[in-house]
file model09.tsv (TSV, C-alpha atoms)
chain	number	residue	atom	x	y	z
A	1	MET	CA	6.58	23.70	12.15
A	2	HIS	CA	7.50	20.33	13.58
A	3	THR	CA	10.81	18.52	13.37
A	4	ILE	CA	11.61	14.81	13.46
A	5	ARG	CA	14.82	13.54	15.08
A	6	ARG	CA	16.31	10.43	16.68
A	7	PHE	CA	15.04	9.47	20.14
A	8	GLN	CA	17.31	10.27	23.11
A	9	PRO	CA	17.05	8.45	26.47
A	10	GLU	CA	15.73	11.58	28.20
A	11	ASP	CA	12.78	11.63	25.75
A	12	TRP	CA	11.28	8.54	27.40
A	13	ALA	CA	9.55	10.62	30.09
A	14	SER	CA	7.46	12.22	27.31
A	15	VAL	CA	7.17	9.21	25.02
A	16	TRP	CA	5.95	6.68	27.59
A	17	PRO	CA	2.72	8.52	28.57
A	18	MET	CA	1.89	8.94	24.88
A	19	LEU	CA	2.40	5.22	24.20
A	20	GLN	CA	0.55	4.23	27.36
A	21	GLN	CA	-2.44	6.37	26.41
A	22	THR	CA	-2.50	4.92	22.88
A	23	PHE	CA	-2.18	1.28	23.92
A	24	ALA	CA	-4.70	1.74	26.77
A	25	SER	CA	-7.44	2.47	24.24
A	26	GLY	CA	-7.10	-1.06	22.82
A	27	ASP	CA	-8.18	-0.08	19.32
A	28	THR	CA	-5.01	0.30	17.25
A	29	TYR	CA	-2.06	-1.69	18.60
A	30	ALA	CA	-1.76	-5.31	19.76
A	31	PHE	CA	0.15	-4.34	22.92
A	32	SER	CA	-2.05	-5.22	25.89
A	33	PRO	CA	-3.56	-2.20	27.66
A	34	ALA	CA	-2.00	-3.79	30.77
A	35	SER	CA	1.56	-3.74	29.34
A	36	THR	CA	4.20	-2.59	31.82
A	37	GLU	CA	6.53	0.34	31.21
A	38	ALA	CA	9.48	-2.08	31.00
A	39	GLU	CA	7.74	-4.19	28.32
A	40	ILE	CA	6.92	-1.16	26.21
A	41	HIS	CA	10.41	0.32	26.66
A	42	GLY	CA	11.74	-2.99	25.36
A	43	ALA	CA	9.45	-2.96	22.33
A	44	TRP	CA	9.79	0.76	21.51
A	45	VAL	CA	13.40	1.60	22.44
A	46	GLU	CA	15.50	-1.55	22.90
A	47	LEU	CA	14.26	-3.88	20.15
A	48	PRO	CA	13.99	-1.52	17.14
A	49	LEU	CA	16.89	-0.58	14.93
A	50	ALA	CA	15.98	3.08	15.51
A	51	THR	CA	13.40	5.16	17.38
A	52	TYR	CA	12.38	8.71	16.42
A	53	VAL	CA	10.38	11.56	17.91
A	54	ALA	CA	8.40	14.35	16.27
A	55	CYS	CA	8.60	17.68	18.10
A	56	SER	CA	6.41	20.77	17.87
A	57	ALA	CA	7.91	24.22	17.20
A	58	ASP	CA	8.34	24.74	20.96
A	59	GLY	CA	10.19	21.43	21.35
A	60	GLU	CA	7.35	19.40	22.85
A	61	ILE	CA	7.27	15.73	21.77
A	62	ILE	CA	4.04	15.12	19.85
A	63	GLY	CA	4.77	11.84	18.09
A	64	THR	CA	7.13	8.90	17.93
A	65	TYR	CA	7.92	6.04	15.59
A	66	ILE	CA	10.10	2.95	15.40
A	67	LEU	CA	11.90	1.33	12.47
A	68	LYS	CA	13.24	-2.24	12.38
A	69	PRO	CA	13.80	-5.19	10.04
A	70	ASN	CA	10.55	-7.15	9.78
A	71	GLN	CA	12.32	-10.51	9.53
A	72	PRO	CA	15.86	-11.69	10.28
A	73	GLY	CA	18.52	-12.54	7.68
A	74	LEU	CA	16.95	-13.35	4.33
A	75	GLY	CA	13.93	-11.15	5.01
A	76	SER	CA	15.81	-8.24	6.57
A	77	HIS	CA	15.60	-6.03	3.46
A	78	VAL	CA	11.95	-5.33	4.34
A	79	CYS	CA	11.46	-3.02	7.31
A	80	ASN	CA	8.58	-2.51	9.69
A	81	CYS	CA	7.48	0.72	11.36
A	82	GLY	CA	5.01	1.74	14.04
A	83	TYR	CA	3.78	5.31	14.62
A	84	VAL	CA	2.08	6.99	17.56
A	85	VAL	CA	0.79	10.58	17.69
A	86	SER	CA	-0.19	12.28	20.95
A	87	ASP	CA	-3.90	12.89	21.41
A	88	GLN	CA	-3.19	16.61	21.62
A	89	ALA	CA	-1.54	16.72	18.18
A	90	ARG	CA	-4.12	14.93	16.04
A	91	GLY	CA	-5.17	16.37	12.69
A	92	GLN	CA	-1.89	18.19	12.08
A	93	GLY	CA	-0.41	15.68	9.63
A	94	ILE	CA	2.12	14.31	12.12
A	95	ALA	CA	1.49	10.64	11.27
A	96	SER	CA	1.85	11.44	7.59
A	97	ALA	CA	5.07	13.39	8.19
A	98	MET	CA	6.51	10.57	10.31
A	99	CYS	CA	5.61	7.96	7.66
A	100	GLU	CA	7.29	10.02	4.91
A	101	HIS	CA	10.32	10.52	7.17
A	102	SER	CA	10.49	6.79	7.93
A	103	GLN	CA	10.48	5.91	4.23
A	104	THR	CA	13.43	8.23	3.62
A	105	GLU	CA	15.24	6.79	6.63
A	106	ALA	CA	14.48	3.23	5.53
A	107	ILE	CA	15.98	3.80	2.09
A	108	ARG	CA	19.02	5.52	3.66
A	109	LEU	CA	19.49	2.48	5.93
A	110	GLY	CA	19.38	0.12	2.94
A	111	PHE	CA	15.84	-1.28	3.16
A	112	ARG	CA	13.97	-2.05	-0.08
A	113	ALA	CA	10.38	-2.18	1.16
A	114	MET	CA	8.20	-1.45	4.18
A	115	GLN	CA	5.57	-3.73	5.70
A	116	PHE	CA	2.93	-3.14	8.36
A	117	ASN	CA	1.94	-6.49	9.86
A	118	PHE	CA	-1.14	-5.58	11.80
A	119	VAL	CA	-3.20	-2.56	10.74
A	120	VAL	CA	-6.56	-2.79	12.52
A	121	SER	CA	-9.31	-2.71	9.88
A	122	THR	CA	-11.58	-0.48	11.97
A	123	ASN	CA	-8.81	2.13	12.18
A	124	GLU	CA	-10.08	3.50	8.86
A	125	GLY	CA	-8.21	6.79	9.05
A	126	ALA	CA	-4.91	4.96	9.31
A	127	VAL	CA	-5.75	2.55	6.48
A	128	ARG	CA	-6.67	5.47	4.20
A	129	LEU	CA	-3.55	7.41	5.18
A	130	TRP	CA	-1.21	4.49	4.45
A	131	GLN	CA	-2.96	3.94	1.11
A	132	LYS	CA	-2.53	7.64	0.26
A	133	LEU	CA	1.16	7.27	1.09
A	134	GLY	CA	1.58	4.38	-1.36
A	135	PHE	CA	0.90	1.27	0.70
A	136	HIS	CA	-1.48	-1.42	-0.50
A	137	ILE	CA	-3.40	-4.04	1.48
A	138	ALA	CA	-1.35	-7.18	0.83
A	139	GLY	CA	-3.52	-9.41	3.00
A	140	THR	CA	-6.43	-9.64	5.42
A	141	LEU	CA	-6.14	-11.54	8.70
A	142	PRO	CA	-9.69	-12.56	9.68
A	143	GLY	CA	-10.61	-11.66	13.26
A	144	ALA	CA	-6.94	-11.31	14.20
A	145	PHE	CA	-7.43	-8.24	16.44
A	146	ARG	CA	-9.46	-8.34	19.64
A	147	HIS	CA	-10.78	-4.76	19.63
A	148	THR	CA	-11.68	-3.43	23.06
A	149	GLY	CA	-14.94	-1.98	21.70
A	150	HIS	CA	-15.90	-4.19	18.75
A	151	GLY	CA	-14.57	-7.65	19.64
A	152	TYR	CA	-12.74	-9.67	16.98
A	153	VAL	CA	-12.09	-7.56	13.88
A	154	ASP	CA	-9.87	-8.10	10.84
A	155	ALA	CA	-6.32	-6.79	10.61
A	156	PHE	CA	-4.53	-5.90	7.38
A	157	VAL	CA	-0.99	-6.57	6.23
A	158	MET	CA	0.08	-3.48	4.25
A	159	PHE	CA	3.14	-3.22	2.01
A	160	LYS	CA	5.07	-0.67	-0.03
A	161	GLN	CA	8.05	-1.19	-2.31
A	162	LEU	CA	10.56	1.60	-1.63
A	163	VAL	CA	13.20	0.87	-4.26
A	164	GLY	CA	12.65	-0.77	-7.65
B	165	MET	CA	5.39	-45.11	13.78
B	166	HIS	CA	6.54	-41.70	14.96
B	167	THR	CA	5.58	-39.87	18.12
B	168	ILE	CA	5.45	-36.14	18.86
B	169	ARG	CA	6.29	-34.82	22.32
B	170	ARG	CA	7.46	-31.65	24.10
B	171	PHE	CA	11.11	-30.68	23.64
B	172	GLN	CA	13.49	-31.42	26.55
B	173	PRO	CA	16.81	-29.57	27.04
B	174	GLU	CA	18.82	-32.70	26.20
B	175	ASP	CA	17.11	-32.81	22.76
B	176	TRP	CA	19.04	-29.71	21.64
B	177	ALA	CA	22.07	-31.78	20.59
B	178	SER	CA	19.85	-33.44	17.95
B	179	VAL	CA	17.66	-30.46	17.11
B	180	TRP	CA	20.40	-27.90	16.46
B	181	PRO	CA	22.14	-29.77	13.58
B	182	MET	CA	18.73	-30.23	11.93
B	183	LEU	CA	17.92	-26.54	12.23
B	184	GLN	CA	21.42	-25.53	11.13
B	185	GLN	CA	21.19	-27.70	8.02
B	186	THR	CA	17.76	-26.29	7.14
B	187	PHE	CA	18.66	-22.64	7.66
B	188	ALA	CA	22.01	-23.10	5.86
B	189	SER	CA	20.19	-23.88	2.62
B	190	GLY	CA	18.69	-20.36	2.59
B	191	ASP	CA	15.55	-21.39	0.75
B	192	THR	CA	12.81	-21.75	3.37
B	193	TYR	CA	13.43	-19.72	6.53
B	194	ALA	CA	14.47	-16.10	7.03
B	195	PHE	CA	17.11	-17.00	9.64
B	196	SER	CA	20.49	-16.12	8.16
B	197	PRO	CA	22.58	-19.14	7.13
B	198	ALA	CA	25.25	-17.48	9.34
B	199	SER	CA	23.05	-17.51	12.48
B	200	THR	CA	24.86	-18.60	15.62
B	201	GLU	CA	23.75	-21.53	17.78
B	202	ALA	CA	22.85	-19.08	20.58
B	203	GLU	CA	20.63	-17.02	18.25
B	204	ILE	CA	18.79	-20.08	17.01
B	205	HIS	CA	18.44	-21.50	20.52
B	206	GLY	CA	16.83	-18.20	21.47
B	207	ALA	CA	14.41	-18.30	18.55
B	208	TRP	CA	13.57	-22.01	18.74
B	209	VAL	CA	13.64	-22.80	22.47
B	210	GLU	CA	13.59	-19.63	24.59
B	211	LEU	CA	11.17	-17.35	22.73
B	212	PRO	CA	8.32	-19.74	21.80
B	213	LEU	CA	5.53	-20.69	24.15
B	214	ALA	CA	6.32	-24.35	23.43
B	215	THR	CA	8.76	-26.44	21.37
B	216	TYR	CA	8.11	-29.99	20.21
B	217	VAL	CA	10.03	-32.86	18.63
B	218	ALA	CA	8.91	-35.68	16.36
B	219	CYS	CA	10.67	-38.99	17.02
B	220	SER	CA	10.97	-42.10	14.88
B	221	ALA	CA	10.01	-45.55	16.25
B	222	ASP	CA	13.56	-46.01	17.53
B	223	GLY	CA	13.52	-42.67	19.35
B	224	GLU	CA	15.60	-40.67	16.90
B	225	ILE	CA	14.54	-37.02	16.52
B	226	ILE	CA	13.40	-36.46	12.94
B	227	GLY	CA	11.48	-33.19	13.21
B	228	THR	CA	10.76	-30.23	15.44
B	229	TYR	CA	8.29	-27.39	15.64
B	230	ILE	CA	7.56	-24.27	17.68
B	231	LEU	CA	4.29	-22.67	18.75
B	232	LYS	CA	3.86	-19.09	19.98
B	233	PRO	CA	1.44	-16.17	19.96
B	234	ASN	CA	1.90	-14.25	16.71
B	235	GLN	CA	1.23	-10.87	18.34
B	236	PRO	CA	1.14	-9.66	21.93
B	237	GLY	CA	-2.02	-8.82	23.92
B	238	LEU	CA	-4.93	-8.05	21.61
B	239	GLY	CA	-3.55	-10.28	18.85
B	240	SER	CA	-2.44	-13.15	21.08
B	241	HIS	CA	-5.40	-15.40	20.19
B	242	VAL	CA	-3.69	-16.12	16.85
B	243	CYS	CA	-0.67	-18.41	17.08
B	244	ASN	CA	2.32	-18.90	14.83
B	245	CYS	CA	4.22	-22.13	14.18
B	246	GLY	CA	7.41	-23.14	12.39
B	247	TYR	CA	8.28	-26.71	11.38
B	248	VAL	CA	11.55	-28.38	10.42
B	249	VAL	CA	12.00	-31.98	9.24
B	250	SER	CA	15.41	-33.65	9.06
B	251	ASP	CA	16.72	-34.29	5.55
B	252	GLN	CA	16.80	-38.01	6.34
B	253	ALA	CA	13.07	-38.15	7.16
B	254	ARG	CA	11.55	-36.41	4.14
B	255	GLY	CA	8.54	-37.91	2.36
B	256	GLN	CA	7.22	-39.68	5.44
B	257	GLY	CA	4.47	-37.19	6.29
B	258	ILE	CA	6.31	-35.77	9.30
B	259	ALA	CA	5.59	-32.12	8.43
B	260	SER	CA	1.93	-32.96	7.95
B	261	ALA	CA	1.80	-34.87	11.26
B	262	MET	CA	3.49	-31.99	13.10
B	263	CYS	CA	1.10	-29.44	11.59
B	264	GLU	CA	-1.95	-31.50	12.63
B	265	HIS	CA	-0.44	-31.95	16.10
B	266	SER	CA	0.24	-28.22	16.39
B	267	GLN	CA	-3.37	-27.37	15.54
B	268	THR	CA	-4.62	-29.67	18.30
B	269	GLU	CA	-2.11	-28.17	20.73
B	270	ALA	CA	-3.02	-24.64	19.69
B	271	ILE	CA	-6.71	-25.24	20.37
B	272	ARG	CA	-5.88	-26.91	23.71
B	273	LEU	CA	-3.80	-23.84	24.65
B	274	GLY	CA	-6.71	-21.51	23.83
B	275	PHE	CA	-5.70	-20.14	20.41
B	276	ARG	CA	-8.43	-19.43	17.86
B	277	ALA	CA	-6.40	-19.32	14.64
B	278	MET	CA	-2.96	-20.04	13.21
B	279	GLN	CA	-0.90	-17.77	10.98
B	280	PHE	CA	2.30	-18.35	9.02
B	281	ASN	CA	3.96	-15.00	8.36
B	282	PHE	CA	6.56	-15.90	5.80
B	283	VAL	CA	6.02	-18.96	3.59
B	284	VAL	CA	8.52	-18.74	0.73
B	285	SER	CA	6.58	-18.89	-2.55
B	286	THR	CA	9.16	-21.11	-4.25
B	287	ASN	CA	8.75	-23.69	-1.47
B	288	GLU	CA	5.84	-25.11	-3.45
B	289	GLY	CA	5.62	-28.39	-1.56
B	290	ALA	CA	5.10	-26.53	1.70
B	291	VAL	CA	2.51	-24.15	0.20
B	292	ARG	CA	0.52	-27.10	-1.19
B	293	LEU	CA	0.78	-29.00	2.09
B	294	TRP	CA	-0.49	-26.08	4.17
B	295	GLN	CA	-3.35	-25.57	1.70
B	296	LYS	CA	-4.24	-29.27	1.97
B	297	LEU	CA	-4.28	-28.87	5.76
B	298	GLY	CA	-6.79	-26.01	5.56
B	299	PHE	CA	-4.67	-22.87	5.34
B	300	HIS	CA	-5.30	-20.21	2.72
B	301	ILE	CA	-2.96	-17.60	1.28
B	302	ALA	CA	-4.09	-14.43	3.08
B	303	GLY	CA	-1.50	-12.21	1.44
B	304	THR	CA	1.51	-11.97	-0.85
B	305	LEU	CA	4.64	-10.03	0.15
B	306	PRO	CA	6.38	-9.04	-3.08
B	307	GLY	CA	10.09	-9.91	-3.14
B	308	ALA	CA	10.16	-10.21	0.64
B	309	PHE	CA	12.49	-13.26	0.73
B	310	ARG	CA	16.07	-13.16	-0.54
B	311	HIS	CA	16.40	-16.73	-1.79
B	312	THR	CA	19.96	-18.04	-1.86
B	313	GLY	CA	19.39	-19.53	-5.32
B	314	HIS	CA	16.72	-17.37	-6.96
B	315	GLY	CA	17.24	-13.88	-5.50
B	316	TYR	CA	14.22	-11.88	-4.35
B	317	VAL	CA	11.07	-14.01	-4.39
B	318	ASP	CA	7.59	-13.49	-2.95
B	319	ALA	CA	6.57	-14.75	0.47
B	320	PHE	CA	3.03	-15.67	1.50
B	321	VAL	CA	1.08	-14.98	4.66
B	322	MET	CA	-1.06	-18.08	5.31
B	323	PHE	CA	-3.93	-18.35	7.77
B	324	LYS	CA	-6.34	-20.90	9.21
B	325	GLN	CA	-9.25	-20.38	11.59
B	326	LEU	CA	-9.13	-23.13	14.23
B	327	VAL	CA	-12.30	-22.40	16.19
B	328	GLY	CA	-15.51	-20.84	14.88

call {"tool": "encode", "arguments": {"input": "model09.tsv", "output": "structure tokens"}}
result
Amino acid sequence: MHTIRRFQPEDWASVWPMLQQTFASGDTYAFSPASTEAEIHGAWVELPLATYVACSADGEIIGTYILKPNQPGLGSHVCNCGYVVSDQARGQGIASAMCEHSQTEAIRLGFRAMQFNFVVSTNEGAVRLWQKLGFHIAGTLPGAFRHTGHGYVDAFVMFKQLVG
Amino acid sequence: MHTIRRFQPEDWASVWPMLQQTFASGDTYAFSPASTEAEIHGAWVELPLATYVACSADGEIIGTYILKPNQPGLGSHVCNCGYVVSDQARGQGIASAMCEHSQTEAIRLGFRAMQFNFVVSTNEGAVRLWQKLGFHIAGTLPGAFRHTGHGYVDAFVMFKQLVG
């Protein structure tokens, strides 16, 4: 059974290789495969309102996610999240568990909705998972993602109302 | 006849009151009406790739806009812009001129498309203007803007391909 908890500074040694591996593939996140550790630490730990890790039963970190307001001031009631699962932990429902956890956290922190700005259209598993978890495709950004394998592909804006 | 040129540090004394007045109304931009000068300087001058000003025939600054990549790395071929016109210069086509200028600049700088992330749906003049200038509504974000006068209203994601 996995657990999800807030990120601690000492977790970075496990989180960074997982992020690096994910971003290096160039098929899911906009972060350049050439991003430095300092840039990604800024984006994943310093900038967000909160960072979380998912741990396996033996305490190993197998996933991580961030939560932050998607806009300042008059748009700050809508949050944004990003999720990464380690290659070794795929197919165990970790992304789903982190997304459910993030929705609970978002409501607790006072957010009213959640928006993903840049879901790569060819990442079909992710699109289906977010739809299953209540998100809809609010918009399509034509050719907005330069996929390492497929060239320019569409990205989706996905949205879910959390409170009525 | 107005001119549009790159922002210089000494322009801030004219640009800041214009931005402050615009953001204070709470009906077009997400920036909190309570934003500090340092926060807005960061967002308008430090963060963007480039900042511009529109000047009247007598050299007075009557508008300003910013241009920046909308995403890092694999999304950095799509740019984002934000435009502000001084209250005194409305109805003179300054927003339109700045948007046309920004598209030329964006292409010159190597961008392939332009995206607005957060066009307030009740700002109907702006929505119509961007449509006239070739942008389409790529998505609707339900209740994503907390309008000072109208409460929660929709925001639009708008998009234009600049090069084929």

call {"tool": "calpha_fit_and_write", "arguments": {"input": "model09.tsv", "fixed": "chain A", "moving": "chain B", "output": "mmCIF file with C-alpha atoms, in the frame of the given file"}}
result
data_model
loop_
_atom_site.group_PDB
_atom_site.id
_atom_site.type_symbol
_atom_site.label_atom_id
_atom_site.label_comp_id
_atom_site.auth_asym_id
_atom_site.auth_seq_id
_atom_site.Cartn_x
_atom_site.Cartn_y
_atom_site.Cartn_z
ATOM 1 C CA MET B 165 6.592 23.706 12.140
ATOM 2 C CA HIS B 166 7.512 20.321 13.570
ATOM 3 C CA THR B 167 10.826 18.522 13.379
ATOM 4 C CA ILE B 168 11.614 14.801 13.466
ATOM 5 C CA ARG B 169 14.803 13.532 15.091
ATOM 6 C CA ARG B 170 16.301 10.396 16.674
ATOM 7 C CA PHE B 171 15.028 9.454 20.134
ATOM 8 C CA GLN B 172 17.308 10.252 23.107
ATOM 9 C CA PRO B 173 17.045 8.439 26.473
ATOM 10 C CA GLU B 174 15.736 11.577 28.200
ATOM 11 C CA ASP B 175 12.777 11.628 25.748
ATOM 12 C CA TRP B 176 11.277 8.532 27.407
ATOM 13 C CA ALA B 177 9.540 10.617 30.092
ATOM 14 C CA SER B 178 7.462 12.223 27.308
ATOM 15 C CA VAL B 179 7.175 9.213 25.019
ATOM 16 C CA TRP B 180 5.941 6.670 27.568
ATOM 17 C CA PRO B 181 2.721 8.520 28.581
ATOM 18 C CA MET B 182 1.890 8.928 24.879
ATOM 19 C CA LEU B 183 2.405 5.234 24.203
ATOM 20 C CA GLN B 184 0.544 4.243 27.371
ATOM 21 C CA GLN B 185 -2.453 6.372 26.410
ATOM 22 C CA THR B 186 -2.511 4.919 22.887
ATOM 23 C CA PHE B 187 -2.174 1.284 23.925
ATOM 24 C CA ALA B 188 -4.697 1.753 26.769
ATOM 25 C CA SER B 189 -7.442 2.475 24.247
ATOM 26 C CA GLY B 190 -7.093 -1.059 22.822
ATOM 27 C CA ASP B 191 -8.176 -0.081 19.333
ATOM 28 C CA THR B 192 -5.003 0.286 17.260
ATOM 29 C CA TYR B 193 -2.048 -1.698 18.610
ATOM 30 C CA ALA B 194 -1.763 -5.302 19.780
ATOM 31 C CA PHE B 195 0.165 -4.345 22.936
ATOM 32 C CA SER B 196 -2.040 -5.212 25.898
ATOM 33 C CA PRO B 197 -3.551 -2.186 27.661
ATOM 34 C CA ALA B 198 -1.994 -3.793 30.785
ATOM 35 C CA SER B 199 1.566 -3.744 29.361
ATOM 36 C CA THR B 200 4.197 -2.598 31.828
ATOM 37 C CA GLU B 201 6.524 0.348 31.207
ATOM 38 C CA ALA B 202 9.481 -2.075 31.000
ATOM 39 C CA GLU B 203 7.741 -4.184 28.331
ATOM 40 C CA ILE B 204 6.924 -1.157 26.220
ATOM 41 C CA HIS B 205 10.406 0.304 26.665
ATOM 42 C CA GLY B 206 11.733 -2.999 25.354
ATOM 43 C CA ALA B 207 9.443 -2.958 22.329
ATOM 44 C CA TRP B 208 9.783 0.746 21.511
ATOM 45 C CA VAL B 209 13.390 1.584 22.422
ATOM 46 C CA GLU B 210 15.497 -1.560 22.896
ATOM 47 C CA LEU B 211 14.263 -3.885 20.142
ATOM 48 C CA PRO B 212 13.985 -1.534 17.127
ATOM 49 C CA LEU B 213 16.901 -0.580 14.937
ATOM 50 C CA ALA B 214 15.983 3.078 15.498
ATOM 51 C CA THR B 215 13.398 5.164 17.377
ATOM 52 C CA TYR B 216 12.382 8.693 16.437
ATOM 53 C CA VAL B 217 10.376 11.561 17.911
ATOM 54 C CA ALA B 218 8.394 14.342 16.268
ATOM 55 C CA CYS B 219 8.600 17.676 18.093
ATOM 56 C CA SER B 220 6.417 20.761 17.859
ATOM 57 C CA ALA B 221 7.935 24.219 17.197
ATOM 58 C CA ASP B 222 8.365 24.728 20.940
ATOM 59 C CA GLY B 223 10.179 21.411 21.356
ATOM 60 C CA GLU B 224 7.339 19.400 22.845
ATOM 61 C CA ILE B 225 7.248 15.736 21.769
ATOM 62 C CA ILE B 226 4.030 15.120 19.848
ATOM 63 C CA GLY B 227 4.765 11.836 18.079
ATOM 64 C CA THR B 228 7.130 8.898 17.923
ATOM 65 C CA TYR B 229 7.918 6.038 15.598
ATOM 66 C CA ILE B 230 10.103 2.937 15.391
ATOM 67 C CA LEU B 231 11.908 1.321 12.472
ATOM 68 C CA LYS B 232 13.240 -2.248 12.377
ATOM 69 C CA PRO B 233 13.804 -5.190 10.051
ATOM 70 C CA ASN B 234 10.554 -7.146 9.779
ATOM 71 C CA GLN B 235 12.328 -10.511 9.539
ATOM 72 C CA PRO B 236 15.856 -11.677 10.287
ATOM 73 C CA GLY B 237 18.524 -12.521 7.676
ATOM 74 C CA LEU B 238 16.949 -13.347 4.324
ATOM 75 C CA GLY B 239 13.924 -11.139 5.010
ATOM 76 C CA SER B 240 15.812 -8.231 6.566
ATOM 77 C CA HIS B 241 15.600 -6.020 3.455
ATOM 78 C CA VAL B 242 11.950 -5.326 4.347
ATOM 79 C CA CYS B 243 11.460 -3.006 7.312
ATOM 80 C CA ASN B 244 8.581 -2.516 9.703
ATOM 81 C CA CYS B 245 7.481 0.723 11.365
ATOM 82 C CA GLY B 246 4.999 1.740 14.049
ATOM 83 C CA TYR B 247 3.781 5.304 14.623
ATOM 84 C CA VAL B 248 2.081 6.992 17.567
ATOM 85 C CA VAL B 249 0.793 10.581 17.692
ATOM 86 C CA SER B 250 -0.179 12.280 20.951
ATOM 87 C CA ASP B 251 -3.902 12.888 21.416
ATOM 88 C CA GLN B 252 -3.188 16.619 21.630
ATOM 89 C CA ALA B 253 -1.538 16.734 18.185
ATOM 90 C CA ARG B 254 -4.113 14.943 16.036
ATOM 91 C CA GLY B 255 -5.172 16.392 12.681
ATOM 92 C CA GLN B 256 -1.890 18.189 12.079
ATOM 93 C CA GLY B 257 -0.408 15.684 9.626
ATOM 94 C CA ILE B 258 2.115 14.319 12.122
ATOM 95 C CA ALA B 259 1.470 10.652 11.266
ATOM 96 C CA SER B 260 1.831 11.452 7.583
ATOM 97 C CA ALA B 261 5.064 13.402 8.191
ATOM 98 C CA MET B 262 6.497 10.561 10.291
ATOM 99 C CA CYS B 263 5.600 7.970 7.649
ATOM 100 C CA GLU B 264 7.289 10.015 4.893
ATOM 101 C CA HIS B 265 10.317 10.522 7.151
ATOM 102 C CA SER B 266 10.481 6.803 7.924
ATOM 103 C CA GLN B 267 10.488 5.909 4.226
ATOM 104 C CA THR B 268 13.438 8.232 3.612
ATOM 105 C CA GLU B 269 15.244 6.786 6.629
ATOM 106 C CA ALA B 270 14.476 3.234 5.547
ATOM 107 C CA ILE B 271 15.976 3.809 2.104
ATOM 108 C CA ARG B 272 19.020 5.528 3.655
ATOM 109 C CA LEU B 273 19.490 2.490 5.932
ATOM 110 C CA GLY B 274 19.381 0.123 2.939
ATOM 111 C CA PHE B 275 15.835 -1.281 3.157
ATOM 112 C CA ARG B 276 13.984 -2.048 -0.075
ATOM 113 C CA ALA B 277 10.387 -2.179 1.166
ATOM 114 C CA MET B 278 8.201 -1.446 4.179
ATOM 115 C CA GLN B 279 5.581 -3.724 5.701
ATOM 116 C CA PHE B 280 2.936 -3.139 8.361
ATOM 117 C CA ASN B 281 1.947 -6.482 9.866
ATOM 118 C CA PHE B 282 -1.148 -5.590 11.801
ATOM 119 C CA VAL B 283 -3.207 -2.563 10.734
ATOM 120 C CA VAL B 284 -6.561 -2.796 12.516
ATOM 121 C CA SER B 285 -9.311 -2.705 9.876
ATOM 122 C CA THR B 286 -11.579 -0.483 11.973
ATOM 123 C CA ASN B 287 -8.805 2.128 12.178
ATOM 124 C CA GLU B 288 -10.081 3.496 8.876
ATOM 125 C CA GLY B 289 -8.224 6.797 9.055
ATOM 126 C CA ALA B 290 -4.913 4.974 9.316
ATOM 127 C CA VAL B 291 -5.757 2.551 6.480
ATOM 128 C CA ARG B 292 -6.684 5.465 4.191
ATOM 129 C CA LEU B 293 -3.570 7.408 5.171
ATOM 130 C CA TRP B 294 -1.225 4.503 4.445
ATOM 131 C CA GLN B 295 -2.970 3.936 1.102
ATOM 132 C CA LYS B 296 -2.541 7.630 0.254
ATOM 133 C CA LEU B 297 1.161 7.278 1.086
ATOM 134 C CA GLY B 298 1.570 4.392 -1.369
ATOM 135 C CA PHE B 299 0.902 1.269 0.681
ATOM 136 C CA HIS B 300 -1.477 -1.429 -0.499
ATOM 137 C CA ILE B 301 -3.388 -4.035 1.480
ATOM 138 C CA ALA B 302 -1.345 -7.192 0.830
ATOM 139 C CA GLY B 303 -3.512 -9.409 3.002
ATOM 140 C CA THR B 304 -6.427 -9.650 5.412
ATOM 141 C CA LEU B 305 -6.150 -11.548 8.710
ATOM 142 C CA PRO B 306 -9.682 -12.562 9.677
ATOM 143 C CA GLY B 307 -10.598 -11.659 13.265
ATOM 144 C CA ALA B 308 -6.937 -11.311 14.193
ATOM 145 C CA PHE B 309 -7.414 -8.239 16.446
ATOM 146 C CA ARG B 310 -9.468 -8.321 19.642
ATOM 147 C CA HIS B 311 -10.796 -4.764 19.635
ATOM 148 C CA THR B 312 -11.692 -3.423 23.069
ATOM 149 C CA GLY B 313 -14.944 -1.981 21.705
ATOM 150 C CA HIS B 314 -15.908 -4.186 18.757
ATOM 151 C CA GLY B 315 -14.571 -7.653 19.638
ATOM 152 C CA TYR B 316 -12.740 -9.666 16.985
ATOM 153 C CA VAL B 317 -12.080 -7.566 13.884
ATOM 154 C CA ASP B 318 -9.877 -8.100 10.832
ATOM 155 C CA ALA B 319 -6.328 -6.807 10.606
ATOM 156 C CA PHE B 320 -4.524 -5.907 7.385
ATOM 157 C CA VAL B 321 -0.995 -6.575 6.217
ATOM 158 C CA MET B 322 0.096 -3.487 4.246
ATOM 159 C CA PHE B 323 3.144 -3.213 2.011
ATOM 160 C CA LYS B 324 5.071 -0.667 -0.036
ATOM 161 C CA GLN B 325 8.059 -1.184 -2.318
ATOM 162 C CA LEU B 326 10.574 1.600 -1.631
ATOM 163 C CA VAL B 327 13.214 0.865 -4.260
ATOM 164 C CA GLY B 328 12.689 -0.741 -7.665
#

call {"tool": "residues_around", "arguments": {"input": "model09.tsv", "residues": "region 76-87 of chain A", "least_positions_apart": "2", "cutoff": "7 Å", "atoms": "all atoms listed in the file", "output": "number ranges by chain"}}
result
A: 18-19, 62-74, 89-90, 94-95, 111-116; B: 308

call {"tool": "atom_distance", "arguments": {"input": "model09.tsv", "atom1": "CA of Glu264 (chain B)", "atom2": "CA of Tyr152 (chain A)"}}
result
24.7 Å

call {"tool": "atom_distance", "arguments": {"input": "model09.tsv", "atom1": "CA of Val15 (chain A)", "atom2": "CA of Leu211 (chain B)"}}
result
27.0 Å

call {"tool": "atom_distance", "arguments": {"input": "model09.tsv", "atom1": "CA of Gln185 (chain B)", "atom2": "CA of Pro197 (chain B)"}}
result
8.7 Å
